[in-house]
Every structure is written in structure tokens, then in C-alpha cells.
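Below is structure_21.cif, holding mmCIF, C-alpha atoms.
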data_work
loop_
_atom_site.label_atom_id
_atom_site.label_comp_id
_atom_site.auth_asym_id
_atom_site.auth_seq_id
_atom_site.Cartn_x
_atom_site.Cartn_y
_atom_site.Cartn_z
CA MET A 300 8.39 26.73 -28.71
CA GLN A 301 5.72 29.09 -30.02
CA ASP A 302 5.30 32.60 -28.64
CA GLU A 303 1.84 31.84 -27.25
CA GLU A 304 3.10 28.75 -25.40
CA ARG A 305 6.11 30.67 -24.10
CA ASN A 306 3.80 33.43 -22.81
CA VAL A 307 1.59 30.92 -20.97
CA LEU A 308 4.65 29.34 -19.35
CA ASN A 309 6.02 32.74 -18.30
CA GLU A 310 2.63 33.76 -16.90
CA PHE A 311 2.41 30.47 -15.03
CA GLN A 312 5.84 31.02 -13.50
CA HIS A 313 4.66 34.41 -12.27
CA GLY A 314 1.58 32.90 -10.62
CA LYS A 315 -1.16 33.82 -13.08
CA ILE A 316 -4.08 31.48 -12.36
CA THR A 317 -5.43 31.52 -15.93
CA ALA A 318 -2.06 30.22 -17.16
CA PHE A 319 -2.17 27.42 -14.59
CA GLU A 320 -5.72 26.54 -15.66
CA SER A 321 -4.64 26.45 -19.29
CA LEU A 322 -1.73 24.13 -18.48
CA PHE A 323 -4.00 21.97 -16.34
CA HIS A 324 -6.49 21.50 -19.18
CA GLN A 325 -3.71 20.87 -21.66
CA HIS A 326 -1.78 18.30 -19.56
CA ARG A 327 -4.26 16.64 -17.19
CA ARG A 328 -4.84 13.56 -19.36
CA ALA A 329 -1.14 12.98 -19.92
CA VAL A 330 -0.39 13.36 -16.20
CA PHE A 331 -3.26 11.03 -15.28
CA GLY A 332 -2.01 8.43 -17.79
CA TRP A 333 1.52 8.68 -16.41
CA VAL A 334 0.33 8.32 -12.83
CA LEU A 335 -1.92 5.39 -13.75
CA ARG A 336 1.08 3.59 -15.24
CA ILE A 337 2.79 3.88 -11.88
CA VAL A 338 0.05 3.29 -9.30
CA ARG A 339 -2.00 0.85 -11.44
CA ASN A 340 -5.22 1.95 -9.75
CA PRO A 341 -7.61 4.38 -11.51
CA ALA A 342 -9.13 5.84 -8.33
CA ALA A 343 -5.70 6.38 -6.79
CA ALA A 344 -4.44 7.82 -10.08
CA GLU A 345 -7.19 10.45 -9.94
CA ASP A 346 -6.19 11.41 -6.39
CA VAL A 347 -2.49 11.49 -7.24
CA THR A 348 -3.18 13.58 -10.35
CA VAL A 349 -5.01 16.16 -8.24
CA GLU A 350 -2.12 16.15 -5.76
CA THR A 351 0.31 16.55 -8.67
CA PHE A 352 -1.43 19.66 -9.97
CA TRP A 353 -1.66 21.05 -6.45
CA ARG A 354 2.13 20.63 -6.16
CA ILE A 355 2.62 22.15 -9.60
CA HIS A 356 0.53 25.15 -8.61
CA ARG A 357 2.44 25.65 -5.35
CA SER A 358 5.80 25.33 -7.16
CA HIS A 359 5.07 27.72 -10.01
CA ALA A 360 7.89 30.11 -9.05
CA ARG A 361 10.48 27.31 -9.38
CA PHE A 362 9.43 26.41 -12.92
CA ASP A 363 11.88 27.36 -15.67
CA PRO A 364 9.87 28.47 -18.72
CA SER A 365 12.76 27.60 -21.02
CA ARG A 366 12.33 23.92 -20.12
CA SER A 367 9.58 21.43 -20.95
CA PHE A 368 6.49 21.78 -18.77
CA GLU A 369 5.51 18.21 -19.59
CA ALA A 370 8.79 16.77 -18.31
CA TRP A 371 8.59 18.92 -15.17
CA ALA A 372 4.98 17.83 -14.55
CA ARG A 373 5.93 14.18 -15.11
CA SER A 374 8.70 14.47 -12.52
CA ILE A 375 6.32 15.99 -9.97
CA ALA A 376 3.71 13.34 -10.78
CA THR A 377 6.28 10.59 -10.30
CA HIS A 378 7.20 11.90 -6.86
CA ALA A 379 3.52 12.27 -5.89
CA ALA A 380 2.90 8.68 -7.01
CA LEU A 381 5.94 7.51 -5.05
CA ASP A 382 4.59 9.25 -1.94
CA TRP A 383 1.23 7.53 -2.48
CA MET A 384 2.94 4.16 -2.87
CA ARG A 385 4.92 4.67 0.34
CA ALA A 386 1.69 5.36 2.23
CA GLN A 387 0.11 2.08 1.09
CA ARG A 388 0.45 -1.26 2.76
CA PRO A 389 2.71 -3.46 0.62
CA GLU A 390 0.01 -5.93 -0.46
CA SER A 391 -2.56 -3.24 -1.25
CA ALA A 392 -0.25 -0.93 -3.18
CA ILE A 393 -0.65 -2.80 -6.44
CA PRO A 394 -3.90 -4.59 -7.17
CA ALA A 395 -3.81 -8.05 -8.65
CA ALA A 396 -2.29 -7.67 -12.07
CA GLU A 397 -4.35 -7.96 -15.19
CA PRO A 398 -3.74 -11.13 -17.19
CA HIS A 399 -1.86 -9.27 -19.93
CA GLU A 400 0.48 -7.54 -17.49
CA LEU A 401 2.24 -10.53 -16.01
CA ALA A 402 3.13 -13.51 -18.11
CA ALA A 403 2.27 -16.99 -16.95
CA PRO A 404 3.09 -20.34 -18.48
CA SER A 405 0.95 -21.00 -21.52
CA GLY A 406 -0.77 -24.26 -22.24
CA GLY A 407 -1.18 -25.13 -18.57
CA ASP A 408 -4.08 -25.10 -16.17
CA PRO A 409 -5.76 -21.64 -16.20
CA ALA A 410 -6.26 -21.81 -12.42
CA ILE A 411 -2.56 -22.38 -11.87
CA ALA A 412 -1.70 -19.58 -14.28
CA ALA A 413 -4.06 -17.24 -12.40
CA GLU A 414 -2.46 -18.26 -9.10
CA ILE A 415 1.02 -17.55 -10.48
CA ARG A 416 -0.10 -14.12 -11.75
CA GLN A 417 -1.63 -13.32 -8.36
CA ARG A 418 1.47 -14.40 -6.44
CA THR A 419 3.70 -12.46 -8.83
CA ALA A 420 1.57 -9.33 -8.37
CA GLN A 421 1.74 -9.77 -4.59
CA ALA A 422 5.52 -10.22 -4.71
CA PHE A 423 5.73 -7.11 -6.88
CA GLY A 424 3.65 -5.24 -4.30
CA ARG A 425 6.13 -6.20 -1.58
CA LEU A 426 8.98 -4.40 -3.32
CA SER A 427 10.01 -1.07 -1.87
CA PRO A 428 8.29 1.84 -3.65
CA LYS A 429 11.58 3.02 -5.21
CA LEU A 430 12.26 -0.39 -6.74
CA ARG A 431 8.61 -0.97 -7.68
CA ILE A 432 8.26 2.32 -9.53
CA ALA A 433 11.49 1.80 -11.51
CA ALA A 434 10.51 -1.78 -12.40
CA THR A 435 6.96 -0.77 -13.31
CA LEU A 436 8.09 1.93 -15.70
CA ALA A 437 11.10 0.10 -17.18
CA VAL A 438 9.87 -3.51 -17.29
CA VAL A 439 6.07 -3.50 -17.25
CA GLU A 440 5.56 -0.28 -19.23
CA GLU A 441 8.76 -0.85 -21.25
CA LEU A 442 9.77 2.81 -21.14
CA PRO A 443 13.35 3.72 -22.05
CA HIS A 444 15.68 3.93 -19.07
CA LYS A 445 16.45 7.55 -19.95
CA GLU A 446 12.77 8.52 -19.68
CA VAL A 447 12.44 6.69 -16.36
CA ALA A 448 15.60 8.39 -15.08
CA GLU A 449 14.26 11.84 -16.00
CA ALA A 450 10.94 11.15 -14.28
CA LEU A 451 12.61 9.89 -11.12
CA GLY A 452 15.34 12.52 -11.11
CA ILE A 453 18.10 9.91 -11.03
CA SER A 454 20.75 8.67 -13.44
CA VAL A 455 20.20 5.99 -16.05
CA ALA A 456 22.69 3.82 -14.15
CA ALA A 457 20.58 4.18 -10.99
CA VAL A 458 17.47 3.12 -12.93
CA LYS A 459 19.29 0.04 -14.22
CA LEU A 460 20.45 -0.79 -10.72
CA ARG A 461 16.95 -0.42 -9.26
CA VAL A 462 15.45 -2.59 -11.98
CA PHE A 463 18.16 -5.22 -11.45
CA ARG A 464 17.52 -5.24 -7.69
CA ALA A 465 13.75 -5.39 -8.19
CA LEU A 466 13.99 -8.36 -10.53
CA ARG A 467 16.44 -10.14 -8.24
CA LEU A 468 14.11 -9.65 -5.25
CA LEU A 469 11.07 -10.75 -7.27
CA ARG A 470 12.87 -13.89 -8.39
CA LYS A 471 13.91 -14.68 -4.80
CA ASP A 472 10.37 -14.05 -3.46
CA LEU A 473 8.80 -16.27 -6.12
CA GLN A 474 11.36 -19.04 -5.54
CA GLN A 475 10.52 -18.97 -1.82
CA GLN A 476 6.89 -19.51 -2.84
CA GLY A 477 7.88 -22.50 -4.95
CA ILE A 478 7.50 -20.70 -8.27
CA THR A 479 10.41 -20.89 -10.68
CA PRO A 480 10.54 -17.66 -12.69
#

Structure encoded using C-alpha cells:
Amino acid sequence: MQDEERNVLNEFQHGKITAFESLFHQHRRAVFGWVLRIVRNPAAAEDVTVETFWRIHRSHARFDPSRSFEAWARSIATHAALDWMRAQRPESAIPAAEPHELAAPSGGDPAIAAEIRQRTAQAFGRLSPKLRIAATLAVVEELPHKEVAEALGISVAAVKLRVFRALRLLRKDLQQQGITP
């Protein structure tokens, strides 16, 4: 870590607003991108990003300047996104998935494939926020379990368990709809 960066982090910890502004400008795009991966809604991601930086600002005294600001911000962003997801109705929490996000049988009727993608996205939206966020980051975004664990503040084993449960529940939901995953 360079001396200038270390100074900004120390000043931030002590509540200096210019240090916070510097960190905001430096990390806002990364935080927004992280949040967008989770909530899958650009407008909501903007709101959650603002909430994240508000939480970061309020928690400045708890920040440890010897640690990574980016990892700390990602953890706060993950919890803010989880709070947003909990506040949503299950079906509205995740919009219909984009065609590249959820695989559908190839070579078949495009209308049937679209229906399968929509039902899969709805089933995904019915998962609890804890399972949905772990599955989104680990399966859809294909992030390493260790990175997901750090962001959620849980163990790698807990991430694996949540992903396993999410996939099992998705499979059961889709089977009840007559779709064989």
C-alpha cells in the first residue's frame, strides 16, 4: 500500500470528509457493479450504491486502515443489497432474466425457451434472499466461493451449502411447474 493511499484511509477512519469523497470517487463504479450483479436491476443498484456509501460514511470509525477498503466496501454493499432484496416481493426482486443469463434448451421453439427462462427467473426470485444472493454470485456470476464468502461474511462451506440448497429448491420448483431441469 502506498503512503498516499494509507494516508487517505487513515483520514477516512478519523472522519475526514475529503478522504471519504476521494474513496467514493475511486470506488463508486466498482461498488455499483458489485451491487448490480446482486440485485440485477440498474435503478435499484443505484439506490443500493447510495445506501452503501451512506453506511460506509457512518461506519468510518470501525474501518481498519490496514485492511482492504475495497473488500470492506464490498461486504457493506452485499449487506445493503441483501436488505434491499428482503424488502422486495419475491416475484419482483429479480426481473425476468436476460436470455444469456439463464440457459434454455437449444434448437427448440423460441417461445417455449422464453417461457422456460421466465419461469426459471420467477423460481429464482422466490428463493430466500440469503440463498438467492449466494446462488447469484456463485452460479450466475461464477465468482469463486471464497470471494462470495468474504462478501457475505460467512465461511466457504456456508456458501457451498447455500448454493446447494438454492439449486435444490430451484430444481424442485421447476419440476412442480412441469419443467425438467

Radius query 8 Å about (10.9, -10.0, -6.6), atoms used: all atoms listed in the file, as an MDAnalysis selection string: chainID A and resid 419 422:423 425:426 465:473

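Nearest-residue note for Val447 in chain A: choosing from A:Val307, A:Ala413, A:Ile355, A:Ala370, the minimum distance belongs to A:Ala370, counting all atoms listed in the file.
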
Separation of CA of Ser321 in chain A from CA of Ile453 in chain A in Å: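 Result for CA of Ile453 in chain A versus CA of Ser321 in chain A: 29.3 Å, one decimal.
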
Point-to-point distance in Å for CA of Val338 in chain A and CA of Arg431 in chain A: 9.7 Å

Separation of CA of Phe352 in chain A from CA of Arg461 in chain A in Å: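 Going from CA of Arg461 in chain A over to CA of Phe352 in chain A, I get 27.2 Å.
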
Some atoms are missing, so please complete range 342-362 of chain A with N, CA, C and O atoms and return it as a compact mmCIF listing (two decimals), keeping the file's coordinate frame.
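So selection28.txt came out as:
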# COMPACT_ATOMS: atom_id res chain seq x y z
N ALA A 342 -8.67 4.92 -9.38
CA ALA A 342 -9.13 5.84 -8.33
C ALA A 342 -7.94 6.55 -7.68
O ALA A 342 -7.97 7.76 -7.46
N ALA A 343 -6.90 5.78 -7.38
CA ALA A 343 -5.70 6.38 -6.79
C ALA A 343 -5.04 7.32 -7.78
O ALA A 343 -4.54 8.38 -7.39
N ALA A 344 -5.05 6.96 -9.05
CA ALA A 344 -4.44 7.82 -10.08
C ALA A 344 -5.14 9.17 -10.14
O ALA A 344 -4.49 10.20 -10.32
N GLU A 345 -6.45 9.18 -9.97
CA GLU A 345 -7.19 10.45 -9.94
C GLU A 345 -6.72 11.30 -8.77
O GLU A 345 -6.46 12.50 -8.91
N ASP A 346 -6.63 10.68 -7.59
CA ASP A 346 -6.19 11.41 -6.39
C ASP A 346 -4.77 11.94 -6.56
O ASP A 346 -4.47 13.08 -6.20
N VAL A 347 -3.89 11.10 -7.07
CA VAL A 347 -2.49 11.49 -7.24
C VAL A 347 -2.37 12.58 -8.30
O VAL A 347 -1.54 13.49 -8.17
N THR A 348 -3.20 12.54 -9.32
CA THR A 348 -3.18 13.58 -10.35
C THR A 348 -3.58 14.92 -9.76
O THR A 348 -2.95 15.95 -10.03
N VAL A 349 -4.60 14.92 -8.91
CA VAL A 349 -5.01 16.16 -8.24
C VAL A 349 -3.87 16.67 -7.36
O VAL A 349 -3.54 17.86 -7.38
N GLU A 350 -3.26 15.77 -6.61
CA GLU A 350 -2.12 16.15 -5.76
C GLU A 350 -0.98 16.70 -6.62
O GLU A 350 -0.32 17.68 -6.25
N THR A 351 -0.75 16.09 -7.76
CA THR A 351 0.31 16.55 -8.67
C THR A 351 0.06 17.99 -9.09
O THR A 351 0.97 18.83 -9.00
N PHE A 352 -1.16 18.29 -9.51
CA PHE A 352 -1.43 19.66 -9.97
C PHE A 352 -1.43 20.64 -8.81
O PHE A 352 -1.08 21.81 -8.99
N TRP A 353 -1.77 20.19 -7.62
CA TRP A 353 -1.66 21.05 -6.45
C TRP A 353 -0.19 21.39 -6.22
O TRP A 353 0.18 22.54 -5.97
N ARG A 354 0.69 20.40 -6.32
CA ARG A 354 2.13 20.63 -6.16
C ARG A 354 2.67 21.53 -7.27
O ARG A 354 3.53 22.38 -7.02
N ILE A 355 2.19 21.31 -8.48
CA ILE A 355 2.62 22.15 -9.60
C ILE A 355 2.23 23.60 -9.33
O ILE A 355 3.04 24.51 -9.52
N HIS A 356 1.01 23.80 -8.89
CA HIS A 356 0.53 25.15 -8.61
C HIS A 356 1.38 25.83 -7.53
O HIS A 356 1.78 26.98 -7.67
N ARG A 357 1.66 25.09 -6.45
CA ARG A 357 2.44 25.65 -5.35
C ARG A 357 3.89 25.93 -5.76
O ARG A 357 4.54 26.79 -5.16
N SER A 358 4.39 25.21 -6.76
CA SER A 358 5.80 25.33 -7.16
C SER A 358 6.00 26.20 -8.39
O SER A 358 7.08 26.18 -8.99
N HIS A 359 5.01 26.96 -8.76
CA HIS A 359 5.07 27.72 -10.01
C HIS A 359 6.31 28.61 -10.11
O HIS A 359 6.90 28.76 -11.18
N ALA A 360 6.75 29.19 -9.01
CA ALA A 360 7.89 30.11 -9.05
C ALA A 360 9.20 29.38 -9.37
O ALA A 360 10.15 29.99 -9.86
N ARG A 361 9.27 28.07 -9.11
CA ARG A 361 10.48 27.31 -9.38
C ARG A 361 10.54 26.78 -10.80
O ARG A 361 11.55 26.21 -11.21
N PHE A 362 9.46 26.92 -11.55
CA PHE A 362 9.43 26.41 -12.92
C PHE A 362 10.29 27.29 -13.82
O PHE A 362 10.25 28.51 -13.74
